[in-house]
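Q: Pasting my_file.txt here (compact mmCIF, C-alpha atoms):
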# COMPACT_ATOMS: atom_id res chain seq x y z
CA MET U 1489 80.89 130.06 94.12
CA PRO U 1490 83.55 127.39 94.35
CA PRO U 1491 85.29 126.51 91.09
CA ILE U 1492 83.95 123.44 89.29
CA SER U 1493 86.53 120.68 89.04
CA ARG U 1494 86.14 119.62 85.40
CA GLY U 1495 85.06 116.02 85.04
CA PHE U 1496 84.45 115.41 88.74
CA ARG U 1497 81.24 113.57 89.57
CA GLY U 1498 82.00 111.92 92.89
CA LYS U 1499 80.73 108.67 94.35
CA ARG U 1500 77.63 110.03 96.11
CA ARG U 1501 77.45 107.30 98.62
CA ASP U 1502 73.99 107.12 100.06
CA ALA U 1503 74.06 108.47 103.55
CA PRO U 1504 71.40 110.06 105.70
CA ALA U 1505 72.18 113.77 105.49
CA ASP U 1506 71.02 114.47 109.02
CA ARG U 1507 73.65 112.09 110.39
CA VAL U 1508 76.70 113.05 108.34
CA PRO U 1509 78.23 116.44 109.18
CA PRO U 1510 79.51 118.73 106.41
CA GLY U 1511 82.72 117.59 104.70
CA GLN U 1512 82.47 114.03 106.07
CA TYR U 1513 81.98 110.72 104.29
CA VAL U 1514 80.68 107.48 105.72
CA THR U 1515 83.00 104.50 105.96
CA PRO U 1516 82.23 100.97 107.12
CA ASP U 1517 85.83 100.66 108.36
CA PHE U 1518 87.46 101.85 111.53
CA PRO U 1519 90.63 103.73 110.60
CA VAL U 1520 93.28 104.45 113.22
CA LEU U 1521 94.98 107.77 113.87
CA SER U 1522 97.52 108.30 116.62
CA ALA U 1523 100.50 110.58 116.97
CA GLY U 1524 102.90 108.04 118.41
CA PRO U 1525 103.45 104.41 119.32
CA THR U 1526 100.55 102.45 120.82
CA PRO U 1527 101.25 102.05 124.55
CA HIS U 1528 101.15 98.53 125.98
CA ARG U 1529 100.78 98.97 129.73
CA PRO U 1530 100.20 95.97 132.01
CA ILE U 1531 96.62 96.13 133.28
CA GLN U 1532 97.78 95.88 136.94
CA GLU U 1533 99.42 99.29 136.47
CA TRP U 1534 96.30 100.87 135.00
CA ASP U 1535 94.20 103.26 137.00
CA PHE U 1536 91.81 106.08 136.33
CA THR U 1537 92.08 109.25 138.36
CA ILE U 1538 90.26 112.53 138.63
CA VAL U 1539 92.62 115.26 139.70
CA GLY U 1540 92.99 119.04 139.69
CA GLU U 1541 90.28 121.28 141.09
CA VAL U 1542 88.57 118.60 143.14
CA ASP U 1543 88.02 118.13 146.85
CA GLU U 1544 90.35 115.13 146.82
CA LEU U 1545 91.97 112.84 144.30
CA HIS U 1546 89.63 110.10 143.09
CA ARG U 1547 91.15 106.87 141.86
CA TRP U 1548 89.90 103.58 140.48
CA SER U 1549 92.07 100.54 139.83
CA TRP U 1550 91.18 98.43 136.78
CA ASP U 1551 89.17 96.04 138.96
CA GLU U 1552 87.37 98.88 140.69
CA PHE U 1553 86.67 100.51 137.35
CA GLN U 1554 85.29 97.23 135.98
CA ALA U 1555 82.93 97.01 138.94
CA LEU U 1556 81.26 100.35 138.13
CA PRO U 1557 77.88 100.28 136.40
CA THR U 1558 78.24 100.44 132.63
CA GLU U 1559 76.06 101.65 129.81
CA THR U 1560 75.85 100.37 126.27
CA VAL U 1561 75.46 103.12 123.71
CA THR U 1562 75.13 103.16 119.93
CA VAL U 1563 76.43 106.38 118.44
CA ASP U 1564 77.82 107.94 115.25
CA ILE U 1565 81.46 109.02 115.33
CA HIS U 1566 83.17 111.66 113.21
CA CYS U 1567 86.94 111.92 112.65
CA VAL U 1568 88.46 115.26 111.63
CA THR U 1569 90.24 113.41 108.80
CA ARG U 1570 86.75 113.19 107.27
CA TRP U 1571 85.47 109.70 107.90
CA SER U 1572 82.29 109.16 109.84
CA LYS U 1573 81.12 105.82 111.09
CA LEU U 1574 77.48 105.29 111.91
CA ASP U 1575 75.90 103.10 114.57
CA THR U 1576 78.99 102.13 116.53
CA THR U 1577 78.25 100.32 119.77
CA TRP U 1578 80.31 100.84 122.89
CA GLU U 1579 80.18 99.76 126.48
CA GLY U 1580 81.58 102.02 129.13
CA VAL U 1581 81.20 103.92 132.32
CA SER U 1582 79.38 107.23 132.01
CA VAL U 1583 81.54 110.19 133.03
CA ASP U 1584 78.53 111.22 135.13
CA THR U 1585 79.10 108.08 137.20
CA LEU U 1586 82.77 108.91 137.66
CA LEU U 1587 82.02 112.48 138.69
CA GLU U 1588 79.18 111.54 141.05
CA GLY U 1589 79.63 113.14 144.44
CA ILE U 1590 82.75 115.06 143.37
CA GLU U 1591 82.66 118.70 144.28
CA THR U 1592 84.34 121.05 141.88
CA GLU U 1593 84.18 124.63 140.68
CA ALA U 1594 85.95 123.62 137.47
CA GLU U 1595 84.42 124.35 134.08
CA TYR U 1596 86.97 122.51 131.95
CA ALA U 1597 88.69 119.15 131.85
CA THR U 1598 91.83 117.80 130.27
CA ALA U 1599 91.83 114.10 129.54
CA PHE U 1600 95.29 112.59 130.02
CA CYS U 1601 96.52 109.32 128.61
CA ASP U 1602 99.24 106.73 128.40
CA GLY U 1603 101.71 107.94 125.79
CA GLY U 1604 101.35 111.57 126.91
CA TYR U 1605 98.34 112.52 124.79
CA THR U 1606 95.98 115.13 126.16
CA THR U 1607 92.78 116.76 124.97
CA ASN U 1608 90.68 119.51 126.50
CA LEU U 1609 86.91 119.74 126.82
CA PRO U 1610 84.38 121.88 128.62
CA LEU U 1611 83.12 119.90 131.60
CA GLU U 1612 79.55 120.33 130.41
CA ASP U 1613 80.44 118.31 127.30
CA LEU U 1614 81.48 115.41 129.51
CA THR U 1615 78.37 115.39 131.70
CA GLY U 1616 74.66 114.91 131.20
CA GLY U 1617 74.92 111.54 129.44
CA LYS U 1618 77.21 112.81 126.67
CA ALA U 1619 80.49 111.04 127.45
CA TRP U 1620 81.81 107.67 128.58
CA VAL U 1621 85.05 105.91 129.43
CA ALA U 1622 84.60 102.97 127.09
CA SER U 1623 86.33 99.63 127.40
CA ALA U 1624 84.42 97.54 124.87
CA TYR U 1625 83.57 98.05 121.22
CA GLU U 1626 80.98 95.96 119.39
CA GLY U 1627 80.87 93.57 122.32
CA GLU U 1628 84.62 92.92 122.47
CA PRO U 1629 87.32 94.37 124.73
CA LEU U 1630 88.73 97.47 123.07
CA ASP U 1631 91.83 96.78 120.92
CA PRO U 1632 95.01 98.62 121.96
CA GLU U 1633 95.25 100.34 118.58
CA HIS U 1634 91.73 101.70 119.06
CA GLY U 1635 92.57 102.93 122.55
CA GLY U 1636 92.24 99.88 124.78
CA PRO U 1637 92.04 99.11 127.59
CA ALA U 1638 89.87 102.21 127.83
CA ARG U 1639 89.26 105.37 125.86
CA LEU U 1640 87.15 108.41 126.30
CA LEU U 1641 84.03 108.44 124.11
CA VAL U 1642 82.58 111.87 123.35
CA PRO U 1643 80.72 111.22 120.12
CA HIS U 1644 79.24 114.69 119.63
CA LEU U 1645 82.73 116.17 119.10
CA TYR U 1646 85.38 115.24 116.53
CA PHE U 1647 86.88 111.93 117.49
CA TRP U 1648 90.31 113.24 118.55
CA LYS U 1649 88.46 114.40 121.69
CA SER U 1650 87.67 110.75 122.42
CA ALA U 1651 91.16 110.22 123.81
CA LYS U 1652 92.65 106.74 123.48
CA TRP U 1653 94.41 105.04 126.41
CA VAL U 1654 92.77 107.52 128.75
CA ARG U 1655 93.96 107.43 132.35
CA GLY U 1656 92.09 110.28 133.90
CA LEU U 1657 90.64 113.75 133.89
CA GLY U 1658 92.25 116.89 135.22
CA LEU U 1659 89.63 119.48 136.14
CA SER U 1660 90.41 123.17 135.95
CA ALA U 1661 88.88 126.62 135.84
CA THR U 1662 90.49 127.41 132.49
CA ASP U 1663 90.48 125.78 129.07
CA GLU U 1664 94.03 124.54 128.36
CA PRO U 1665 94.73 123.40 124.79
CA GLY U 1666 95.62 119.71 124.59
CA PHE U 1667 97.88 117.94 122.11
CA TRP U 1668 96.13 118.45 118.78
CA GLU U 1669 94.60 121.68 120.02
CA SER U 1670 98.17 123.04 120.38
CA ASN U 1671 99.04 121.76 116.92
CA GLY U 1672 96.58 123.52 114.69
CA TYR U 1673 93.29 121.83 115.58
CA HIS U 1674 90.21 123.53 116.97
CA LEU U 1675 89.86 124.11 120.70
CA TYR U 1676 86.28 122.74 120.78
CA GLY U 1677 85.79 120.59 117.66
CA ASP U 1678 82.07 120.50 116.83
CA PRO U 1679 81.69 118.47 113.60
CA TRP U 1680 78.33 120.05 112.77
CA ARG U 1681 79.97 123.46 112.71
CA GLU U 1682 83.06 122.01 110.96
CA GLN U 1683 85.39 123.23 113.69
CA ARG U 1684 88.43 121.41 112.36
CA TYR U 1685 91.27 123.90 112.68
CA TRP U 1686 92.27 127.03 114.53
CA GLY U 1687 89.97 129.85 113.52
CA ASP U 1688 87.17 127.64 112.15
CA MET W 149 106.04 122.49 120.19
CA ALA W 150 103.86 125.20 118.74
CA GLY W 151 102.56 124.70 115.26
CA ALA W 152 102.93 127.15 112.45
CA ALA W 153 101.00 130.18 113.55
CA VAL W 154 97.64 130.26 111.88
CA LEU W 155 96.04 133.64 112.13
CA GLY W 156 92.35 133.64 111.52
CA ARG W 157 90.49 131.02 109.59
CA LEU W 158 92.25 128.71 107.19
CA GLY W 159 90.09 129.56 104.22
CA TRP W 160 89.59 127.64 101.00
CA ARG W 161 91.70 128.92 98.11
CA THR W 162 91.24 128.20 94.44
CA ALA W 163 94.21 126.33 93.00
CA SER W 164 94.96 125.45 89.42
CA ILE W 165 96.82 122.35 88.40
CA ALA W 166 100.17 123.29 86.89
CA GLU W 167 101.41 119.81 86.14
CA VAL W 168 100.52 116.14 86.61
CA ARG W 169 103.53 113.86 86.78
CA PRO W 170 103.35 110.06 86.88
CA GLU W 171 105.46 108.48 89.63
CA THR W 172 104.35 104.84 89.48
CA PRO W 173 101.38 103.15 87.78
CA ARG W 174 99.14 104.05 90.73
CA VAL W 175 100.74 107.24 91.95
CA LYS W 176 100.93 110.73 90.50
CA THR W 177 102.37 114.02 91.64
CA ILE W 178 99.96 116.92 91.23
CA ALA W 179 101.67 120.31 91.21
CA LEU W 180 99.30 123.13 92.14
CA GLU W 181 99.56 126.88 91.70
CA VAL W 182 97.93 128.47 94.72
CA PRO W 183 97.71 132.27 94.61
CA GLY W 184 98.37 133.68 98.06
CA TRP W 185 99.71 130.41 99.51
CA PRO W 186 101.14 131.26 102.96
CA GLY W 187 103.93 128.64 102.89
CA HIS W 188 104.26 125.40 104.82
CA ARG W 189 106.63 123.09 106.67
CA ALA W 190 107.77 119.67 105.51
CA GLY W 191 105.41 117.03 106.90
CA GLN W 192 102.26 119.16 106.88
CA HIS W 193 99.18 118.30 104.88
CA VAL W 194 96.35 120.07 103.10
CA ASP W 195 92.67 119.54 102.52
CA ILE W 196 91.51 119.27 98.93
CA ARG W 197 87.91 119.94 97.91
CA LEU W 198 86.39 119.04 94.56
CA THR W 199 83.09 120.44 93.33
CA ALA W 200 80.97 118.77 90.66
CA GLU W 201 78.87 120.74 88.18
CA ASP W 202 75.74 120.25 90.26
CA GLY W 203 77.43 121.51 93.42
CA TYR W 204 78.21 118.13 95.00
CA GLN W 205 81.48 118.31 96.93
CA ALA W 206 84.02 115.90 98.35
CA GLU W 207 87.00 116.66 100.60
CA ARG W 208 90.09 114.68 101.53
CA SER W 209 93.46 115.35 103.15
CA TYR W 210 96.81 114.85 101.38
CA SER W 211 100.40 115.22 102.50
CA ILE W 212 102.53 117.85 100.86
CA ALA W 213 105.40 116.26 98.95
CA ALA W 214 107.85 119.13 98.61
CA PRO W 215 109.21 121.96 100.76
CA GLU W 216 107.86 125.47 100.56
CA ASP W 217 108.27 126.92 97.07
CA GLY W 218 106.37 130.18 96.69
CA GLU W 219 102.86 129.55 95.42
CA ARG W 220 103.60 126.05 94.17
CA VAL W 221 102.31 123.13 96.26
CA GLU W 222 103.07 119.55 95.22
CA LEU W 223 100.96 116.61 96.34
CA THR W 224 101.72 112.99 95.57
CA VAL W 225 98.56 110.93 95.45
CA GLU W 226 98.04 107.18 95.35
CA GLU W 227 94.87 105.94 93.74
CA VAL W 228 92.72 104.28 96.37
CA ASP W 229 90.49 101.44 95.20
CA ASP W 230 86.92 102.61 95.47
CA GLY W 231 88.18 106.05 96.43
CA GLU W 232 86.36 109.24 95.56
CA VAL W 233 88.94 112.02 95.31
CA SER W 234 92.17 110.12 94.60
CA PRO W 235 90.93 108.46 91.37
CA TYR W 236 89.94 111.91 90.08
CA LEU W 237 93.36 113.34 90.90
CA THR W 238 95.32 110.42 89.45
CA ALA W 239 93.21 109.61 86.38
CA GLU W 240 91.14 112.63 85.38
CA ALA W 241 92.81 115.83 86.51
CA ARG W 242 95.12 117.63 84.11
CA ALA W 243 96.98 120.91 83.81
CA GLY W 244 94.63 123.88 83.93
CA ASP W 245 91.92 122.20 86.00
CA GLU W 246 90.79 123.95 89.15
CA LEU W 247 90.10 122.69 92.64
CA GLU W 248 90.14 124.11 96.16
CA ILE W 249 92.83 123.79 98.79
CA ARG W 250 92.96 124.63 102.47
CA GLY W 251 96.03 124.61 104.65
CA PRO W 252 98.70 124.01 105.61
CA VAL W 253 97.49 121.81 108.47
CA GLY W 254 99.31 120.03 111.28
CA GLY W 255 101.98 121.20 113.66
CA TYR W 256 103.27 117.89 115.00
CA PHE W 257 104.43 115.58 112.23
CA VAL W 258 106.76 118.27 110.91
CA TRP W 259 110.44 118.50 110.17
CA ASP W 260 112.43 120.14 112.93
CA SER W 261 115.69 121.52 111.58
CA ASP W 262 116.79 122.45 115.12
CA TYR W 263 116.73 118.86 116.34
CA PRO W 264 120.27 118.13 117.53
CA GLY W 265 120.38 114.43 116.61
CA PRO W 266 119.99 112.32 113.51
CA ILE W 267 116.64 111.89 111.79
CA LEU W 268 115.07 108.52 111.02
CA LEU W 269 112.34 108.40 108.41
CA VAL W 270 110.38 105.19 107.97
CA GLY W 271 107.82 105.04 105.18
CA GLY W 272 105.53 102.33 103.91
CA GLY W 273 104.07 102.72 100.41
CA SER W 274 102.84 106.24 99.78
CA GLY W 275 103.70 107.00 103.41
CA VAL W 276 106.98 108.16 101.93
CA VAL W 277 105.30 111.33 100.62
CA PRO W 278 105.60 113.64 103.67
CA LEU W 279 109.04 112.11 104.34
CA MET W 280 110.11 113.15 100.85
CA ALA W 281 109.26 116.76 101.65
CA MET W 282 111.63 116.40 104.63
CA ILE W 283 114.39 114.79 102.56
CA ARG W 284 114.15 117.49 99.95
CA GLN W 285 114.88 120.17 102.52
CA ARG W 286 117.09 118.35 104.98
CA GLY W 287 120.31 120.27 104.24
CA ALA W 288 123.20 118.56 106.03
CA ILE W 289 121.23 116.87 108.82
CA PRO W 290 122.18 113.17 109.00
CA THR W 291 119.09 111.30 107.84
CA THR W 292 118.20 107.67 107.29
CA LEU W 293 115.21 106.73 105.16
CA VAL W 294 113.87 103.20 105.51
CA TYR W 295 111.34 102.75 102.74
CA SER W 296 109.18 99.69 102.24
CA ALA W 297 107.49 99.13 98.88
CA ARG W 298 105.87 96.09 97.35
CA THR W 299 107.94 96.00 94.17
CA LEU W 300 110.63 98.11 92.55
CA GLY W 301 107.98 99.54 90.25
CA ASP W 302 106.04 100.79 93.27
CA VAL W 303 108.97 102.84 94.57
CA ILE W 304 107.91 106.48 94.40
CA TYR W 305 110.64 109.07 93.64
CA ARG W 306 113.08 106.28 92.77
CA ASP W 307 115.38 108.25 90.46
CA GLU W 308 115.50 111.24 92.75
CA LEU W 309 116.22 109.10 95.81
CA GLU W 310 119.11 107.44 93.99
CA ARG W 311 120.47 110.88 93.09
CA LEU W 312 120.12 112.26 96.61
CA ALA W 313 121.61 109.27 98.45
CA GLY W 314 124.98 109.83 100.10
CA GLY W 315 126.35 112.91 101.83
CA GLY W 316 124.62 112.05 105.10
CA LEU W 317 121.47 110.60 103.55
CA ASP W 318 121.23 106.82 103.86
CA ILE W 319 118.47 105.17 101.90
CA VAL W 320 117.44 101.65 102.81
CA LEU W 321 114.93 100.12 100.45
CA THR W 322 113.05 96.93 101.15
CA LEU W 323 110.84 95.27 98.56
CA THR W 324 108.35 93.06 100.32
CA ARG W 325 106.41 91.36 97.53
CA THR W 326 108.69 90.75 94.56
CA GLN W 327 112.30 91.62 93.94
CA PRO W 328 114.03 92.08 90.58
CA GLN W 329 116.61 89.52 89.55
CA GLY W 330 119.90 90.16 91.27
CA TRP W 331 118.27 92.41 93.92
CA ALA W 332 120.90 92.96 96.59
CA GLY W 333 118.70 95.03 98.90
CA HIS W 334 116.31 93.97 101.62
CA SER W 335 113.11 92.04 101.12
CA ARG W 336 111.80 91.68 104.67
CA ARG W 337 109.12 93.77 106.30
CA VAL W 338 110.43 96.63 108.41
CA ASP W 339 110.85 94.91 111.76
CA ALA W 340 113.11 95.19 114.81
CA GLU W 341 115.87 93.19 113.15
CA LEU W 342 116.01 95.42 110.09
CA LEU W 343 115.75 98.60 112.16
CA ALA W 344 118.50 97.42 114.51
CA ALA W 345 120.74 96.90 111.51
CA VAL W 346 120.12 100.12 109.61
CA ALA W 347 118.69 102.81 111.90
CA PRO W 348 120.71 105.10 114.19
CA PRO W 349 120.89 103.35 117.58
CA PRO W 350 118.76 104.55 120.50
CA ASP W 351 121.74 106.12 122.27
CA GLN W 352 122.03 108.60 119.40
CA ARG W 353 118.42 109.62 120.16
CA PRO W 354 117.22 109.84 116.57
CA LEU W 355 113.97 111.69 115.98
CA ALA W 356 111.79 109.23 114.07
CA PHE W 357 108.96 109.98 111.65
CA VAL W 358 106.94 106.92 110.70
CA CYS W 359 104.25 107.13 108.03
CA GLY W 360 102.23 104.52 106.21
CA PRO W 361 99.21 102.28 106.52
CA THR W 362 98.12 101.53 110.09
CA PRO W 363 99.50 97.97 110.40
CA PHE W 364 102.87 99.17 109.07
CA VAL W 365 103.02 102.11 111.49
CA GLU W 366 101.91 99.97 114.43
CA ALA W 367 104.62 97.40 113.71
CA VAL W 368 107.41 99.91 113.13
CA ALA W 369 106.58 102.09 116.14
CA LEU W 370 106.37 99.06 118.41
CA ALA W 371 109.68 97.71 117.06
CA LEU W 372 111.41 101.05 117.68
CA VAL W 373 110.13 101.17 121.26
CA ASP W 374 111.18 97.54 121.80
CA LEU W 375 114.68 98.41 120.54
CA GLY W 376 114.93 101.07 123.23
CA HIS W 377 113.99 104.21 121.34
CA ASP W 378 112.22 106.86 123.41
CA PRO W 379 108.48 106.69 122.54
CA GLY W 380 108.43 110.48 122.81
CA LEU W 381 110.80 110.66 119.82
CA VAL W 382 108.65 108.47 117.59
CA LYS W 383 106.16 110.54 115.62
CA THR W 384 103.62 108.66 113.60
CA GLU W 385 101.19 109.49 110.84
CA ARG W 386 98.77 106.77 109.80
CA PHE W 387 96.66 106.93 106.72
CA GLY W 388 95.28 104.83 104.40
CA PRO W 389 92.94 103.34 102.20
CA THR W 390 90.44 103.17 104.99
CA GLY W 391 89.67 99.69 103.75
CA THR W 392 92.80 98.11 105.19
Please re-express this file's structure in structure tokens.
A:
Amino acid sequence: MPPISRGFRGKRRDAPADRVPPGQYVTPDFPVLSAGPTPHRPIQEWDFTIVGEVDELHRWSWDEFQALPTETVTVDIHCVTRWSKLDTTWEGVSVDTLLEGIETEAEYATAFCDGGYTTNLPLEDLTGGKAWVASAYEGEPLDPEHGGPARLLVPHLYFWKSAKWVRGLGLSATDEPGFWESNGYHLYGDPWREQRYWGD
Amino acid sequence: MAGAAVLGRLGWRTASIAEVRPETPRVKTIALEVPGWPGHRAGQHVDIRLTAEDGYQAERSYSIAAPEDGERVELTVEEVDDGEVSPYLTAEARAGDELEIRGPVGGYFVWDSDYPGPILLVGGGSGVVPLMAMIRQRGAIPTTLVYSARTLGDVIYRDELERLAGGGLDIVLTLTRTQPQGWAGHSRRVDAELLAAVAPPPDQRPLAFVCGPTPFVEAVALALVDLGHDPGLVKTERFGPTGT
């Protein structure tokens, strides 16, 4: 039994229990968390590449990326710092679309980003309609501080996996810890199992 | 850049409040006694969990305010309007009360005593808290603190900062909303001009830790990069009343 904190009642914000993972609270806001300065790269220099254990390097310029078919999805997002935000709407390119026709034996991916950020995910968490490279949020181009021009969107994992300023995916046979995963945070990060930190 | 080794699960521990110390009208330092605390590094944070009588729980993260000190862990908490955990800690909690703590967490925004250059700390509001843990253990490492507060009364740790200043610790205070009569310090927001004047120049390759509300951190980090500081040497921690 946890100790009772004398006099604590809490706010008990109404939230649908089946949509808010343990230890999270719902916020209407969209807080920002990044480990370093927000990159401001000219869009002409932007590209998205898929590298590593692939038959050949695959690359899209910004214009080519913009020409890919997009999907609009409304999802709940969960940050490891405990806020959850319900019904967020994004527009982006499904990772399935980006991986279409690419032959690989890889089982893992590392997303890499402007600013040097990386995060690792099993490839099966990026495929099957579970992940997007999103470039619009609530109908507007994605703000730089929220990861624009494009960020990964993997809503079923803690939001640090949804890497901001994403520039590509490196595919590999092994699971290599990314930035936060090397700094105390969980290798996989399932909010419903509260996989926040190493050992959770 | 490996974090502090964490072996096994970071479990919840029961802590008792040893002391509650007012810092400013909206900010208090909560000193906890945590049996079995494994120690921590300056800049790390903890999770705090409160449990109500009927079992309802709420968790939040707070920066640690002081260097490792046995089983004592100090947090400095600002009351957040419409907050859930911070108003309890700042207004209700008192010595002897119990809560749960988990940590330490975070292996990136941490003091590095092996860094060969000067250290630049830039804090906005209660963003000074993890920076204070660094200042309190800095030893002889040349350190500059640029600290932005709204008013003199909002300056956390004011007496201690005055005492510690000098001997390689430069403290630059800027009061952005109101200034006392005769105030000789700064009153502008922390921007490129202020940083160019008071921070170690880029060629000294200072390691920068920037902590505060998101707009503050965005502005300071961008200004540092614009001044020529290596983005890889600018570590940021954003927090905040999520309402801003």
Q: Would you tabulate, counting all atoms listed in the file, all residues of chain W that have an atom at most 7 Å from an atom of chain U, showing the closest pair of atoms and their distance in Å to one decimal, sorted by chain then ascending number, as a Markdown table?
A:
| residue | atom | partner | partner_atom | distance |
| --- | --- | --- | --- | --- |
| W:Ala150 | CA | U:Asn1671 | CA | 6.2 |
| W:Gly151 | CA | U:Asn1671 | CA | 4.9 |
| W:Val154 | CA | U:Trp1686 | CA | 6.8 |
| W:Gly156 | CA | U:Gly1687 | CA | 4.9 |
| W:Arg157 | CA | U:Gly1687 | CA | 4.1 |
| W:Leu158 | CA | U:Gly1687 | CA | 6.8 |
| W:Leu198 | CA | U:Ser1493 | CA | 5.8 |
| W:Thr199 | CA | U:Ile1492 | CA | 5.1 |
| W:Ala200 | CA | U:Phe1496 | CA | 5.2 |
| W:Glu201 | CA | U:Ile1492 | CA | 5.9 |
| W:Ala206 | CA | U:Gly1511 | CA | 6.7 |
| W:Glu207 | CA | U:Gly1511 | CA | 6.0 |
| W:Arg208 | CA | U:Arg1570 | CA | 6.8 |
| W:Ser209 | CA | U:Thr1569 | CA | 6.8 |
| W:Glu232 | CA | U:Gly1498 | CA | 5.8 |
| W:Tyr236 | CA | U:Phe1496 | CA | 6.6 |
| W:Glu240 | CA | U:Gly1495 | CA | 7.0 |
| W:Asp245 | CA | U:Arg1494 | CA | 6.4 |
| W:Glu246 | CA | U:Ser1493 | CA | 5.4 |
| W:Leu247 | CA | U:Ser1493 | CA | 5.5 |
| W:Val253 | CA | U:Gly1672 | CA | 6.5 |
| W:Gly254 | CA | U:Gly1672 | CA | 5.6 |
| W:Gly255 | CA | U:Asn1671 | CA | 4.4 |
| W:Tyr256 | CA | U:Asn1671 | CA | 6.0 |
| W:Thr362 | CA | U:Val1520 | CA | 6.5 |
| W:Glu366 | CA | U:Pro1525 | CA | 6.8 |
| W:Ala369 | CA | U:Pro1525 | CA | 5.0 |
| W:Leu370 | CA | U:Pro1525 | CA | 6.2 |
| W:Pro379 | CA | U:Pro1525 | CA | 6.4 |
| W:Val382 | CA | U:Gly1524 | CA | 5.8 |
| W:Lys383 | CA | U:Gly1524 | CA | 5.0 |
| W:Thr384 | CA | U:Gly1524 | CA | 4.9 |
| W:Glu385 | CA | U:Ala1523 | CA | 6.3 |
| W:Arg386 | CA | U:Leu1521 | CA | 5.7 |
| W:Thr390 | CA | U:Pro1519 | CA | 5.6 |
| W:Gly391 | CA | U:Asp1517 | CA | 6.1 |
Q: Figure out the distance between CA of Leu372 (chain W) and CA of Phe1647 (chain U), please, to one decimal in Å.
A: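 Taking CA of Phe1647 (chain U) as the start and CA of Leu372 (chain W) as the end point, the length is 26.8 Å.
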Q: Could you tell me how far CA of Pro1637 (chain U) sits from CA of Trp1653 (chain U), in Å to one decimal place?
A: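 About the pair CA of Trp1653 (chain U) and CA of Pro1637 (chain U): they are 6.5 Å apart.
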Q: Mind working out the centre and edge lengths of an axis-aligned box for region 204-221 of chain W, all listed atoms inside, 8 Å added to each side, rounded to one decimal in Å and written as AutoDock Vina command-line options?
A:
--center_x 93.7 --center_y 122.4 --center_z 98.7 --size_x 47.0 --size_y 31.5 --size_z 25.0
Q: Residues near Ala344 (chain W), anyone? I mean within 12 Å using only C-alpha atoms, not counting same-chain ones fewer than 3 positions away, as a list in words.
A: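 The neighbour list is Val294, Val338, Asp339, Ala340, Glu341, Ala347, Pro348, Pro349, Pro350, Val368, Ala371, Leu372, Val373, Asp374, Leu375, Gly376 and His377 of chain W.
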Q: Provide the CA of Leu279 (chain W) to CA of Arg1529 (chain U) distance in Å, to one decimal place.
A: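 Computing it gives 29.8 Å between the two atoms.
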Q: When you count all atoms listed in the file, which of these residues is closest to Pro1629 (chain U): U:Gln1554, U:Ser1582, U:Asn1608, U:Gln1532?
A: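 Nearest candidate to Pro1629 (chain U) out of U:Gln1554, U:Ser1582, U:Asn1608, U:Gln1532: U:Gln1554.
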Q: Considering all atoms listed in the file, return as a PyMOL selection string whatever protein or nucleic-acid residues lie within 12 Å of region 309-314 of chain W, sequence-local ones (same chain, fewer than 2 positions apart) excluded.
A: chain W and resi 276+279-281+283-295+303-307+316-321
Q: Pick out the residues sitting within 6 Å of Ser1572 (chain U), and hand them over as a PyMOL selection string; count all atoms listed in the file, and ignore anything fewer than 2 positions along from it in its own chain.
A: chain U and resi 1513-1514+1565-1566
Q: Using only C-alpha atoms, which of the listed residues (W:Asp217, W:Glu222, W:Glu181, W:Glu171) sits closest to Gly244 (chain W)?
A: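 Smallest separation from Gly244 (chain W) among the options: W:Glu181.
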